[in-house]
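> Data file work.pdb (PDB, C-alpha atoms and all ligand atoms) is appended below.
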```pdb
ATOM      1  CA  MET W  66       4.467 -16.643 -12.776
ATOM      2  CA  ARG W  67       3.371 -20.261 -12.790
ATOM      3  CA  LEU W  68       6.703 -21.450 -11.304
ATOM      4  CA  ASP W  69       6.756 -18.923  -8.454
ATOM      5  CA  GLY W  70       8.796 -20.189  -5.496
ATOM      6  CA  ARG W  71      10.078 -23.238  -7.359
ATOM      7  CA  GLY W  72      13.714 -24.285  -7.684
ATOM      8  CA  ALA W  73      15.193 -25.797 -10.837
ATOM      9  CA  VAL W  74      18.385 -27.359 -12.162
ATOM     10  CA  VAL W  75      19.198 -27.275 -15.887
ATOM     11  CA  THR W  76      22.116 -29.292 -17.297
ATOM     12  CA  GLY W  77      24.023 -28.074 -20.354
ATOM     13  CA  ALA W  78      22.717 -24.577 -19.594
ATOM     14  CA  ALA W  79      25.693 -22.472 -20.725
ATOM     15  CA  GLN W  80      24.306 -21.897 -24.216
ATOM     16  CA  GLY W  81      21.676 -22.849 -26.785
ATOM     17  CA  ILE W  82      18.498 -24.616 -25.689
ATOM     18  CA  GLY W  83      19.654 -25.079 -22.073
ATOM     19  CA  LEU W  84      20.267 -21.359 -21.604
ATOM     20  CA  ALA W  85      16.860 -20.545 -23.128
ATOM     21  CA  ILE W  86      15.242 -23.030 -20.723
ATOM     22  CA  ALA W  87      16.957 -21.438 -17.711
ATOM     23  CA  THR W  88      15.904 -17.977 -18.919
ATOM     24  CA  ARG W  89      12.269 -19.052 -19.361
ATOM     25  CA  LEU W  90      12.006 -20.847 -16.011
ATOM     26  CA  ILE W  91      13.342 -17.715 -14.301
ATOM     27  CA  ALA W  92      10.856 -15.523 -16.206
ATOM     28  CA  ASP W  93       8.107 -17.839 -14.937
ATOM     29  CA  GLY W  94       9.202 -17.368 -11.306
ATOM     30  CA  ALA W  95      11.728 -20.140 -10.597
ATOM     31  CA  ALA W  96      15.247 -19.834  -9.187
ATOM     32  CA  VAL W  97      17.597 -21.777 -11.472
ATOM     33  CA  LEU W  98      20.987 -23.427 -11.116
ATOM     34  CA  LEU W  99      22.686 -23.420 -14.509
ATOM     35  CA  THR W 100      25.130 -26.320 -14.800
ATOM     36  CA  ASP W 101      27.473 -27.187 -17.625
ATOM     37  CA  VAL W 102      30.732 -29.008 -18.259
ATOM     38  CA  ASN W 103      31.865 -25.561 -19.417
ATOM     39  CA  GLY W 104      31.717 -24.012 -15.962
ATOM     40  CA  ASP W 105      33.046 -20.575 -16.976
ATOM     41  CA  ALA W 106      30.359 -20.142 -19.633
ATOM     42  CA  ALA W 107      27.666 -21.252 -17.162
ATOM     43  CA  GLN W 108      28.963 -18.706 -14.609
ATOM     44  CA  GLN W 109      28.887 -15.966 -17.223
ATOM     45  CA  ALA W 110      25.346 -16.874 -18.273
ATOM     46  CA  ALA W 111      24.125 -16.902 -14.657
ATOM     47  CA  LYS W 112      25.773 -13.522 -14.040
ATOM     48  CA  THR W 113      23.946 -12.036 -17.041
ATOM     49  CA  LEU W 114      20.630 -13.459 -15.814
ATOM     50  CA  ARG W 115      21.225 -12.018 -12.323
ATOM     51  CA  GLU W 116      21.998  -8.607 -13.841
ATOM     52  CA  GLN W 117      18.592  -8.823 -15.532
ATOM     53  CA  GLY W 118      17.002  -9.403 -12.109
ATOM     54  CA  GLY W 119      16.725 -13.187 -12.243
ATOM     55  CA  ALA W 120      17.485 -15.711  -9.499
ATOM     56  CA  ALA W 121      20.347 -17.639 -11.131
ATOM     57  CA  GLU W 122      23.406 -19.502  -9.874
ATOM     58  CA  ALA W 123      25.924 -21.656 -11.714
ATOM     59  CA  LEU W 124      27.942 -24.800 -11.051
ATOM     60  CA  PRO W 125      30.379 -26.727 -13.250
ATOM     61  CA  VAL W 126      28.946 -30.241 -13.668
ATOM     62  CA  ASP W 127      29.925 -32.973 -16.107
ATOM     63  CA  VAL W 128      26.787 -35.132 -16.403
ATOM     64  CA  THR W 129      28.875 -38.246 -17.018
ATOM     65  CA  ASP W 130      30.567 -37.931 -13.604
ATOM     66  CA  GLU W 131      28.640 -39.936 -11.026
ATOM     67  CA  ALA W 132      30.007 -38.152  -7.950
ATOM     68  CA  GLN W 133      29.254 -34.710  -9.387
ATOM     69  CA  VAL W 134      25.711 -35.653 -10.398
ATOM     70  CA  ARG W 135      24.965 -37.321  -7.035
ATOM     71  CA  ALA W 136      25.939 -34.101  -5.286
ATOM     72  CA  LEU W 137      24.044 -31.872  -7.716
ATOM     73  CA  LEU W 138      20.558 -31.503  -6.212
ATOM     74  CA  PRO W 139      21.662 -31.071  -2.568
ATOM     75  CA  ARG W 140      24.213 -28.497  -3.780
ATOM     76  CA  ALA W 141      21.538 -26.736  -5.857
ATOM     77  CA  GLU W 142      19.310 -26.357  -2.786
ATOM     78  CA  ASP W 143      22.226 -24.808  -0.863
ATOM     79  CA  LEU W 144      23.077 -22.396  -3.665
ATOM     80  CA  LEU W 145      19.494 -21.403  -4.472
ATOM     81  CA  ASP W 146      18.387 -21.506  -0.826
ATOM     82  CA  ARG W 147      15.103 -23.212  -1.672
ATOM     83  CA  PRO W 148      13.836 -26.726  -2.437
ATOM     84  CA  VAL W 149      14.554 -27.889  -5.968
ATOM     85  CA  ASP W 150      11.765 -29.890  -7.575
ATOM     86  CA  ILE W 151      12.406 -29.281 -11.300
ATOM     87  CA  THR W 152      15.286 -30.959 -13.144
ATOM     88  CA  VAL W 153      15.838 -30.419 -16.849
ATOM     89  CA  VAL W 154      18.053 -33.068 -18.429
ATOM     90  CA  ASN W 155      19.310 -31.082 -21.404
ATOM     91  CA  ALA W 156      23.090 -31.618 -21.738
ATOM     92  CA  GLY W 157      23.798 -33.339 -25.026
ATOM     93  CA  ARG W 158      26.523 -34.047 -27.520
ATOM     94  CA  GLN W 159      26.353 -34.759 -31.247
ATOM     95  CA  THR W 160      29.087 -35.675 -33.684
ATOM     96  CA  PHE W 161      28.625 -36.114 -37.402
ATOM     97  CA  ASN W 162      30.005 -38.942 -39.474
ATOM     98  CA  GLN W 163      28.820 -41.201 -42.275
ATOM     99  CA  LEU W 164      27.333 -44.425 -40.955
ATOM    100  CA  LEU W 165      30.056 -46.618 -42.465
ATOM    101  CA  ASP W 166      32.764 -44.582 -40.707
ATOM    102  CA  VAL W 167      31.350 -44.294 -37.179
ATOM    103  CA  THR W 168      33.929 -45.506 -34.662
ATOM    104  CA  LYS W 169      33.479 -47.108 -31.251
ATOM    105  CA  GLN W 170      35.178 -44.090 -29.727
ATOM    106  CA  GLU W 171      32.590 -41.760 -31.271
ATOM    107  CA  TRP W 172      29.751 -44.086 -30.293
ATOM    108  CA  ASP W 173      30.916 -44.225 -26.666
ATOM    109  CA  ALA W 174      31.560 -40.482 -26.401
ATOM    110  CA  VAL W 175      28.033 -39.627 -27.551
ATOM    111  CA  PHE W 176      26.306 -42.382 -25.554
ATOM    112  CA  ASP W 177      28.260 -41.395 -22.455
ATOM    113  CA  VAL W 178      26.741 -37.897 -22.394
ATOM    114  CA  ASN W 179      23.337 -38.475 -23.992
ATOM    115  CA  ALA W 180      22.315 -41.863 -22.559
ATOM    116  CA  TRP W 181      24.418 -42.435 -19.415
ATOM    117  CA  GLY W 182      24.442 -38.731 -18.493
ATOM    118  CA  ALA W 183      20.659 -38.462 -18.949
ATOM    119  CA  PHE W 184      20.035 -41.648 -16.969
ATOM    120  CA  LEU W 185      22.338 -40.537 -14.165
ATOM    121  CA  THR W 186      20.797 -37.063 -13.906
ATOM    122  CA  ALA W 187      17.196 -38.340 -13.920
ATOM    123  CA  ARG W 188      18.047 -41.158 -11.517
ATOM    124  CA  GLU W 189      19.682 -38.823  -8.998
ATOM    125  CA  ALA W 190      16.900 -36.228  -9.287
ATOM    126  CA  GLY W 191      14.330 -38.950  -8.555
ATOM    127  CA  ARG W 192      16.416 -40.323  -5.683
ATOM    128  CA  HIS W 193      16.716 -36.858  -4.138
ATOM    129  CA  LEU W 194      12.998 -36.063  -4.392
ATOM    130  CA  ARG W 195      12.029 -39.453  -2.994
ATOM    131  CA  ALA W 196      14.406 -39.069  -0.034
ATOM    132  CA  ALA W 197      13.012 -35.594   0.620
ATOM    133  CA  GLY W 198       9.446 -36.953   0.479
ATOM    134  CA  ARG W 199       8.550 -34.424  -2.207
ATOM    135  CA  GLY W 200       7.036 -34.535  -5.658
ATOM    136  CA  GLY W 201       8.570 -32.865  -8.663
ATOM    137  CA  SER W 202       9.066 -32.828 -12.398
ATOM    138  CA  ILE W 203      11.900 -34.091 -14.579
ATOM    139  CA  VAL W 204      12.007 -33.058 -18.238
ATOM    140  CA  VAL W 205      14.486 -34.703 -20.594
ATOM    141  CA  ILE W 206      15.455 -33.324 -23.999
ATOM    142  CA  ALA W 207      15.419 -36.084 -26.589
ATOM    143  CA  SER W 208      15.268 -35.418 -30.351
ATOM    144  CA  ARG W 209      13.110 -35.926 -33.422
ATOM    145  CA  SER W 210      15.900 -38.254 -34.565
ATOM    146  CA  ALA W 211      15.035 -40.681 -31.714
ATOM    147  CA  ARG W 212      12.227 -42.046 -33.907
ATOM    148  CA  LEU W 213      14.030 -41.771 -37.245
ATOM    149  CA  GLY W 214      17.224 -43.005 -38.798
ATOM    150  CA  THR W 215      19.961 -40.403 -39.220
ATOM    151  CA  PRO W 216      22.648 -41.839 -41.505
ATOM    152  CA  HIS W 217      25.078 -38.988 -40.839
ATOM    153  CA  SER W 218      24.770 -39.272 -37.054
ATOM    154  CA  PRO W 219      23.385 -42.776 -36.349
ATOM    155  CA  HIS W 220      25.058 -43.024 -32.934
ATOM    156  CA  TYR W 221      23.370 -39.758 -31.871
ATOM    157  CA  ALA W 222      19.942 -40.926 -33.082
ATOM    158  CA  ALA W 223      20.379 -44.211 -31.205
ATOM    159  CA  SER W 224      21.423 -42.386 -28.031
ATOM    160  CA  LYS W 225      18.301 -40.215 -28.212
ATOM    161  CA  ALA W 226      16.108 -43.309 -28.690
ATOM    162  CA  ALA W 227      17.703 -44.553 -25.463
ATOM    163  CA  VAL W 228      16.805 -41.252 -23.800
ATOM    164  CA  LEU W 229      13.115 -41.744 -24.590
ATOM    165  CA  ASN W 230      13.191 -45.227 -23.102
ATOM    166  CA  ILE W 231      15.068 -44.014 -20.000
ATOM    167  CA  MET W 232      12.401 -41.329 -19.556
ATOM    168  CA  LYS W 233       9.669 -44.001 -19.497
ATOM    169  CA  SER W 234      11.519 -46.237 -17.008
ATOM    170  CA  CYS W 235      12.021 -43.240 -14.717
ATOM    171  CA  ALA W 236       8.365 -42.181 -15.085
ATOM    172  CA  LEU W 237       7.274 -45.636 -13.908
ATOM    173  CA  GLU W 238       9.845 -45.851 -11.110
ATOM    174  CA  PHE W 239       9.194 -42.417  -9.614
ATOM    175  CA  ALA W 240       5.373 -42.318 -10.009
ATOM    176  CA  PRO W 241       3.126 -41.077  -8.557
ATOM    177  CA  ASP W 242       5.027 -38.204  -6.940
ATOM    178  CA  VAL W 243       7.548 -37.335  -9.631
ATOM    179  CA  ARG W 244       6.443 -36.778 -13.224
ATOM    180  CA  VAL W 245       8.978 -37.522 -15.950
ATOM    181  CA  ASN W 246       8.430 -36.341 -19.526
ATOM    182  CA  ALA W 247      10.427 -35.672 -22.677
ATOM    183  CA  ILE W 248      10.563 -33.137 -25.445
ATOM    184  CA  ALA W 249      11.688 -34.183 -28.906
ATOM    185  CA  PRO W 250      12.842 -31.018 -30.693
ATOM    186  CA  GLY W 251      13.113 -30.904 -34.442
ATOM    187  CA  MET W 252      15.652 -28.551 -36.003
ATOM    188  CA  VAL W 253      16.547 -25.774 -33.562
ATOM    189  CA  ASP W 254      18.850 -22.897 -34.491
ATOM    190  CA  THR W 255      21.895 -23.443 -32.225
ATOM    191  CA  ASP W 256      25.614 -24.212 -32.617
ATOM    192  CA  LEU W 257      24.670 -27.844 -32.971
ATOM    193  CA  TRP W 258      22.744 -27.147 -36.179
ATOM    194  CA  ALA W 259      25.515 -24.945 -37.548
ATOM    195  CA  ARG W 260      27.854 -27.950 -37.176
ATOM    196  CA  ALA W 261      25.367 -30.249 -38.941
ATOM    197  CA  ASP W 262      25.201 -27.863 -41.877
ATOM    198  CA  ALA W 263      29.008 -27.587 -42.063
ATOM    199  CA  PHE W 264      29.316 -31.381 -42.168
ATOM    200  CA  GLU W 265      26.759 -31.763 -44.971
ATOM    201  CA  SER W 266      28.396 -28.994 -47.044
ATOM    202  CA  GLU W 267      31.826 -30.582 -46.722
ATOM    203  CA  LEU W 268      30.411 -33.980 -47.678
ATOM    204  CA  ASP W 269      28.686 -32.987 -50.904
ATOM    205  CA  GLY W 270      30.729 -29.889 -51.756
ATOM    206  CA  SER W 271      27.697 -27.605 -51.566
ATOM    207  CA  ALA W 272      27.839 -24.004 -50.389
ATOM    208  CA  ALA W 273      27.511 -23.387 -46.657
ATOM    209  CA  GLY W 274      23.846 -23.081 -45.687
ATOM    210  CA  THR W 275      22.549 -25.373 -48.474
ATOM    211  CA  ALA W 276      21.697 -28.304 -46.190
ATOM    212  CA  ARG W 277      20.148 -25.971 -43.660
ATOM    213  CA  ALA W 278      17.944 -24.321 -46.296
ATOM    214  CA  GLY W 279      16.879 -27.734 -47.609
ATOM    215  CA  ARG W 280      15.849 -28.909 -44.150
ATOM    216  CA  ILE W 281      13.891 -25.717 -43.508
ATOM    217  CA  ARG W 282      11.906 -26.251 -46.733
ATOM    218  CA  GLN W 283      10.712 -29.611 -45.318
ATOM    219  CA  ILE W 284       9.382 -28.205 -42.047
ATOM    220  CA  PRO W 285       5.580 -27.728 -42.149
ATOM    221  CA  ALA W 286       5.856 -24.629 -39.923
ATOM    222  CA  GLY W 287       8.176 -23.081 -42.551
ATOM    223  CA  ARG W 288      10.953 -22.177 -40.124
ATOM    224  CA  PRO W 289      13.427 -23.801 -37.727
ATOM    225  CA  GLY W 290      12.588 -23.829 -34.052
ATOM    226  CA  SER W 291      14.136 -21.315 -31.693
ATOM    227  CA  PRO W 292      15.519 -22.314 -28.301
ATOM    228  CA  ALA W 293      12.634 -20.309 -26.797
ATOM    229  CA  ASP W 294      10.118 -22.593 -28.605
ATOM    230  CA  ILE W 295      11.537 -25.532 -26.651
ATOM    231  CA  ALA W 296      11.829 -23.600 -23.381
ATOM    232  CA  SER W 297       8.147 -22.637 -23.246
ATOM    233  CA  VAL W 298       7.120 -26.303 -23.453
ATOM    234  CA  VAL W 299       9.642 -27.238 -20.732
ATOM    235  CA  SER W 300       8.042 -24.606 -18.496
ATOM    236  CA  PHE W 301       4.589 -26.089 -19.173
ATOM    237  CA  LEU W 302       5.761 -29.661 -18.455
ATOM    238  CA  ALA W 303       7.413 -28.524 -15.226
ATOM    239  CA  SER W 304       4.293 -26.713 -14.051
ATOM    240  CA  ASP W 305       1.131 -27.940 -12.346
ATOM    241  CA  ASP W 306      -0.704 -27.317 -15.642
ATOM    242  CA  ALA W 307       0.877 -30.599 -16.781
ATOM    243  CA  GLY W 308      -0.045 -32.368 -13.520
ATOM    244  CA  TYR W 309      -1.601 -35.393 -15.253
ATOM    245  CA  LEU W 310       1.207 -35.872 -17.800
ATOM    246  CA  THR W 311       3.925 -38.399 -17.176
ATOM    247  CA  GLY W 312       5.863 -40.769 -19.439
ATOM    248  CA  GLU W 313       4.956 -38.508 -22.372
ATOM    249  CA  CYS W 314       7.029 -37.175 -25.250
ATOM    250  CA  VAL W 315       6.029 -33.835 -26.778
ATOM    251  CA  HIS W 316       7.303 -33.260 -30.316
ATOM    252  CA  VAL W 317       8.252 -29.595 -30.615
ATOM    253  CA  SER W 318       9.215 -29.579 -34.266
ATOM    254  CA  GLY W 319       6.837 -27.363 -36.238
ATOM    255  CA  GLY W 320       5.178 -30.540 -37.536
ATOM    256  CA  ASP W 321       8.478 -32.045 -38.707
ATOM    257  CA  TYR W 322       7.979 -35.140 -36.552
ATOM    258  CA  MET W 323       5.293 -36.334 -39.009
ATOM    259  CA  LEU W 324       7.791 -36.584 -41.868
TER     260      LEU W 324
HETATM  261  N1  LIG Y 401      19.727 -27.959 -31.824
HETATM  262  C1  LIG Y 401      18.929 -28.889 -32.296
HETATM  263  O1  LIG Y 401      18.497 -28.854 -33.460
HETATM  264  C2  LIG Y 401      18.495 -30.037 -31.390
HETATM  265  C3  LIG Y 401      17.515 -30.892 -31.899
HETATM  266  C4  LIG Y 401      17.097 -31.961 -31.115
HETATM  267  C5  LIG Y 401      17.624 -32.138 -29.844
HETATM  268  N2  LIG Y 401      18.569 -31.290 -29.384
HETATM  269  C6  LIG Y 401      19.084 -31.544 -28.029
HETATM  270  O2  LIG Y 401      18.897 -30.398 -27.222
HETATM  271  C7  LIG Y 401      19.914 -30.342 -26.212
HETATM  272  C8  LIG Y 401      20.615 -28.992 -26.265
HETATM  273  O3  LIG Y 401      21.202 -28.853 -27.558
HETATM  274  P1  LIG Y 401      21.765 -27.480 -28.144
HETATM  275  O4  LIG Y 401      21.341 -27.426 -29.554
HETATM  276  O5  LIG Y 401      21.488 -26.359 -27.235
HETATM  277  O6  LIG Y 401      23.332 -27.866 -28.145
HETATM  278  P2  LIG Y 401      24.621 -27.013 -27.796
HETATM  279  O7  LIG Y 401      25.761 -27.834 -28.324
HETATM  280  O8  LIG Y 401      24.471 -25.599 -28.225
HETATM  281  O9  LIG Y 401      24.625 -27.045 -26.170
HETATM  282  C9  LIG Y 401      24.844 -28.226 -25.465
HETATM  283  C10 LIG Y 401      25.382 -27.873 -24.083
HETATM  284  O10 LIG Y 401      25.619 -29.104 -23.371
HETATM  285  C11 LIG Y 401      26.872 -28.986 -22.727
HETATM  286  N3  LIG Y 401      27.458 -30.314 -22.477
HETATM  287  C12 LIG Y 401      28.025 -31.165 -23.381
HETATM  288  N4  LIG Y 401      28.515 -32.246 -22.745
HETATM  289  C13 LIG Y 401      28.261 -32.077 -21.427
HETATM  290  C14 LIG Y 401      28.533 -32.852 -20.263
HETATM  291  N5  LIG Y 401      29.216 -34.016 -20.324
HETATM  292  N6  LIG Y 401      28.112 -32.392 -19.059
HETATM  293  C15 LIG Y 401      27.459 -31.203 -18.969
HETATM  294  N7  LIG Y 401      27.199 -30.410 -20.033
HETATM  295  C16 LIG Y 401      27.594 -30.851 -21.254
HETATM  296  C17 LIG Y 401      27.744 -28.150 -23.671
HETATM  297  O11 LIG Y 401      28.868 -27.585 -23.009
HETATM  298  C18 LIG Y 401      26.720 -27.123 -24.151
HETATM  299  O12 LIG Y 401      26.686 -25.979 -23.301
HETATM  300  C19 LIG Y 401      20.856 -31.524 -26.493
HETATM  301  O13 LIG Y 401      20.488 -32.621 -25.672
HETATM  302  C20 LIG Y 401      20.567 -31.826 -27.952
HETATM  303  O14 LIG Y 401      20.889 -33.149 -28.277
HETATM  304  C21 LIG Y 401      19.028 -30.231 -30.120
END
```
Kindly transcribe the structure held in the file into structure tokens.


Amino acid sequence: MRLDGRGAVVTGAAQGIGLAIATRLIADGAAVLLTDVNGDAAQQAAKTLREQGGAAEALPVDVTDEAQVRALLPRAEDLLDRPVDITVVNAGRQTFNQLLDVTKQEWDAVFDVNAWGAFLTAREAGRHLRAAGRGGSIVVIASRSARLGTPHSPHYAASKAAVLNIMKSCALEFAPDVRVNAIAPGMVDTDLWARADAFESELDGSAAGTARAGRIRQIPAGRPGSPADIASVVSFLASDDAGYLTGECVHVSGGDYML
């Protein structure tokens, strides 16, 4: 129970990696506010976690909305009835399109959530902790694609490169009290990957699952990541075990980051 007594906020927590992160932080002793633009799904997820004995609340939050994000940490402390010193910047959006066809609308929609939303959430978490005179930990979810080109989602890859840079600016600004780190997942089995596979199949006329199987063959670990693989590293980064880590990016990709 290395997070006993701690309070945490997770954005984009209604499903996928965010939900796994909330589940793991609770298992490690934290009380967690699950937030998502899909407020009903976040409420349902929090209810399920409470029924399993966990300390979970939910709040609809669109990470691109400045007023909502500014109010988030104070509101989380009210709802959880304890100080919040862990913020997980997980909400993300990906669309798929060939590089030559990417529109400004698509570019802006993805950057709005992934870059602006991540900056806003980390900025307001740091502001809140500084005002409260407390330390804490912010963990942002980037992507393996931040370091690599992704011709079928170049706007997403660029937005995740921005996330890594934002993480470093925040780590410098909020040191020494607040640590800010990133995780760069490789392929993780969620809805997002199902959509990637559907796009590739449509593009080259291959059977559903072909692109997915091809990607899995490239991964040194021999399998895709699970949301729980990402969540366990978030829990470590949020904990005192990672007390001397800040401005760092951990590649949780089964070795895929090397390729
Ligand atoms: N799945 C992968 O292979 C993979 C790989 C690398 C990085 N990531 C990153 O991990 C994070 C989680 O991805 P996932 O696979 O669980 O995706 P997902 O699509 O299953 O879940 C994303 C969640 O974010 C929420 N969200 C979207 N826009 C939002 C907004 N404006 N405000 C608040 N919430 C919003 C969605 O409602 C959803 O619940 C994302 O940042 C994603 O880019 C995923």

> Please evaluate the PyMOL selection byres (((chain W and resi 178) around 12) and not hetatm) against the displayed coordinates and give the resulting residues as an MDAnalysis selection string.

chainID W and resid 76:77 101:102 126:131 154:160 171:177 179:186 220:221 224:225 227:228

> Using the chain letters and residue numbers of this document, give as a PyMOL selection string the residues selected by the PyMOL selection byres (((chain W and resi 119) around 10) and not hetatm).

chain W and resi 87-88+90-92+94-97+111-118+120-122

> Please report, as JSON, the centre and edge lengths in Å to one decimal of an axis-aligned box covering all listed atoms of ligand LIG 401 (chain Y) with 3 Å per side.


```
{"center_x": 23.2, "center_y": -29.8, "center_z": -26.2, "size_x": 18.1, "size_y": 14.4, "size_z": 20.5}
```

> Env of Arg209 of chain W: 7 Å cut, atoms = only C-alpha atoms, seq-sep filter 4 positions within chain, self excluded. Answer as a VMD selection string.

chain W and resid 249 to 251 322

> What lies within 6 Å of Ile151 of chain W using all atoms listed in the file, ignoring chain neighbours under 5 positions off, as a list of chain:residue names?

W:Ala73, W:Gly201, W:Ser202, W:Ile203

> Can you spit out the residues from that selection as a short mmCIF file (atom, residue, chain, number, x, y, z; two decimals), in the frame of the given file, using C-alpha atoms?


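Resulting contents of out_7.cif:
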```cif
data_model
loop_
_atom_site.label_atom_id
_atom_site.label_comp_id
_atom_site.auth_asym_id
_atom_site.auth_seq_id
_atom_site.Cartn_x
_atom_site.Cartn_y
_atom_site.Cartn_z
CA ALA W 73 15.19 -25.80 -10.84
CA GLY W 201 8.57 -32.86 -8.66
CA SER W 202 9.07 -32.83 -12.40
CA ILE W 203 11.90 -34.09 -14.58
#
```

> If you apply the PyMOL selection byres (((chain W and resi 192) around 12) and not hetatm) to this file, what residues do you get, as a ChimeraX atom specification?

/W:134-139,150,184-191,193-201,203,235,238-239,242-243

> Around (9.4, -27.0, -18.7) in the file's frame, which residues reach within 12 Å when counting only C-alpha atoms? Return as an MDAnalysis selection string?

chainID W and resid 67:68 71 73:75 82:83 85:93 95 150:155 201:206 244:248 293:307 315

> My list of candidates is W:Ala240, W:Ala132, W:Gln170, W:Asp105. Which is closest to Gly308 of chain W when distances are computed with all atoms listed in the file?

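Result for the nearest residue to Gly308 of chain W: W:Ala240.
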
> Using all atoms listed in the file, which of the listed residues (W:Leu237, W:Leu257, W:Ala222, W:Cys314) sits closest to ligand LIG 401 (chain Y)?

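Residue with the minimum atom-to-atom distance to ligand LIG 401 (chain Y): W:Leu257.
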
> Just the number, please: distance in Å from atom N1 of ligand LIG 401 (chain Y) to atom CA of Arg280 of chain W, one decimal.

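Computed distance, atom N1 of ligand LIG 401 (chain Y) to atom CA of Arg280 of chain W, equals 13.0 Å.
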
> Can you work out the spacing between atom CA of Asp321 of chain W and atom CA of Pro289 of chain W in Å, to one decimal?

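Interatomic distance here is 9.7 Å.
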
> Find, counting all atoms listed in the file, the residue in W:Ala110, W:Leu144, W:Leu213, W:Met252 that gets nearest to ligand LIG 401 (chain Y).

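Using all atoms listed in the file, the shortest distance to ligand LIG 401 (chain Y) belongs to W:Met252.
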
> Between W:Thr255, W:Gln109, W:Ser318, W:Ser266, which is the closest to Gln283 of chain W once you count only C-alpha atoms?

W:Ser318

> When you count only C-alpha atoms and all ligand atoms, which of these residues is closest to ligand LIG 401 (chain Y): W:Asn230, W:Ser271, W:Thr168, W:Ser291?

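Nearest candidate to ligand LIG 401 (chain Y) out of W:Asn230, W:Ser271, W:Thr168, W:Ser291: W:Ser291.
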
> At a cut-off of 12 Å, using all atoms listed in the file, what residues contact Ala276 of chain W? Leave out same-chain residues fewer than 3 positions from it and give the result as number ranges by chain.

W: 252, 258-273, 279-283

> Find the distance between atom N6 of ligand LIG 401 (chain Y) and atom CA of Asp166 of chain W and write it in Å to one decimal.

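Separating atom N6 of ligand LIG 401 (chain Y) from atom CA of Asp166 of chain W is a distance of 25.3 Å.
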
> Assuming the input is short of atoms at segment 290-301 of chain W, produce N, CA and C atoms for that part as a short mmCIF file (atom, residue, chain, number, x, y, z; two decimals), in the coordinates of the input.


```
data_model
loop_
_atom_site.label_atom_id
_atom_site.label_comp_id
_atom_site.auth_asym_id
_atom_site.auth_seq_id
_atom_site.Cartn_x
_atom_site.Cartn_y
_atom_site.Cartn_z
N GLY W 290 12.99 -24.22 -35.40
CA GLY W 290 12.59 -23.83 -34.05
C GLY W 290 13.62 -22.90 -33.45
N SER W 291 13.19 -22.12 -32.48
CA SER W 291 14.14 -21.32 -31.69
C SER W 291 14.28 -22.01 -30.34
N PRO W 292 15.40 -21.75 -29.65
CA PRO W 292 15.52 -22.31 -28.30
C PRO W 292 14.33 -21.94 -27.41
N ALA W 293 13.78 -20.74 -27.61
CA ALA W 293 12.63 -20.31 -26.80
C ALA W 293 11.39 -21.17 -27.06
N ASP W 294 11.26 -21.70 -28.30
CA ASP W 294 10.12 -22.59 -28.60
C ASP W 294 10.17 -23.85 -27.74
N ILE W 295 11.38 -24.33 -27.48
CA ILE W 295 11.54 -25.53 -26.65
C ILE W 295 11.32 -25.16 -25.18
N ALA W 296 11.87 -24.01 -24.79
CA ALA W 296 11.83 -23.60 -23.38
C ALA W 296 10.40 -23.41 -22.87
N SER W 297 9.52 -22.88 -23.71
CA SER W 297 8.15 -22.64 -23.25
C SER W 297 7.44 -23.95 -22.95
N VAL W 298 7.77 -25.00 -23.70
CA VAL W 298 7.12 -26.30 -23.45
C VAL W 298 7.73 -26.97 -22.21
N VAL W 299 9.03 -26.74 -21.98
CA VAL W 299 9.64 -27.24 -20.73
C VAL W 299 8.93 -26.61 -19.54
N SER W 300 8.69 -25.30 -19.61
CA SER W 300 8.04 -24.61 -18.50
C SER W 300 6.65 -25.19 -18.25
N PHE W 301 5.92 -25.46 -19.32
CA PHE W 301 4.59 -26.09 -19.17
C PHE W 301 4.72 -27.46 -18.52
#
```
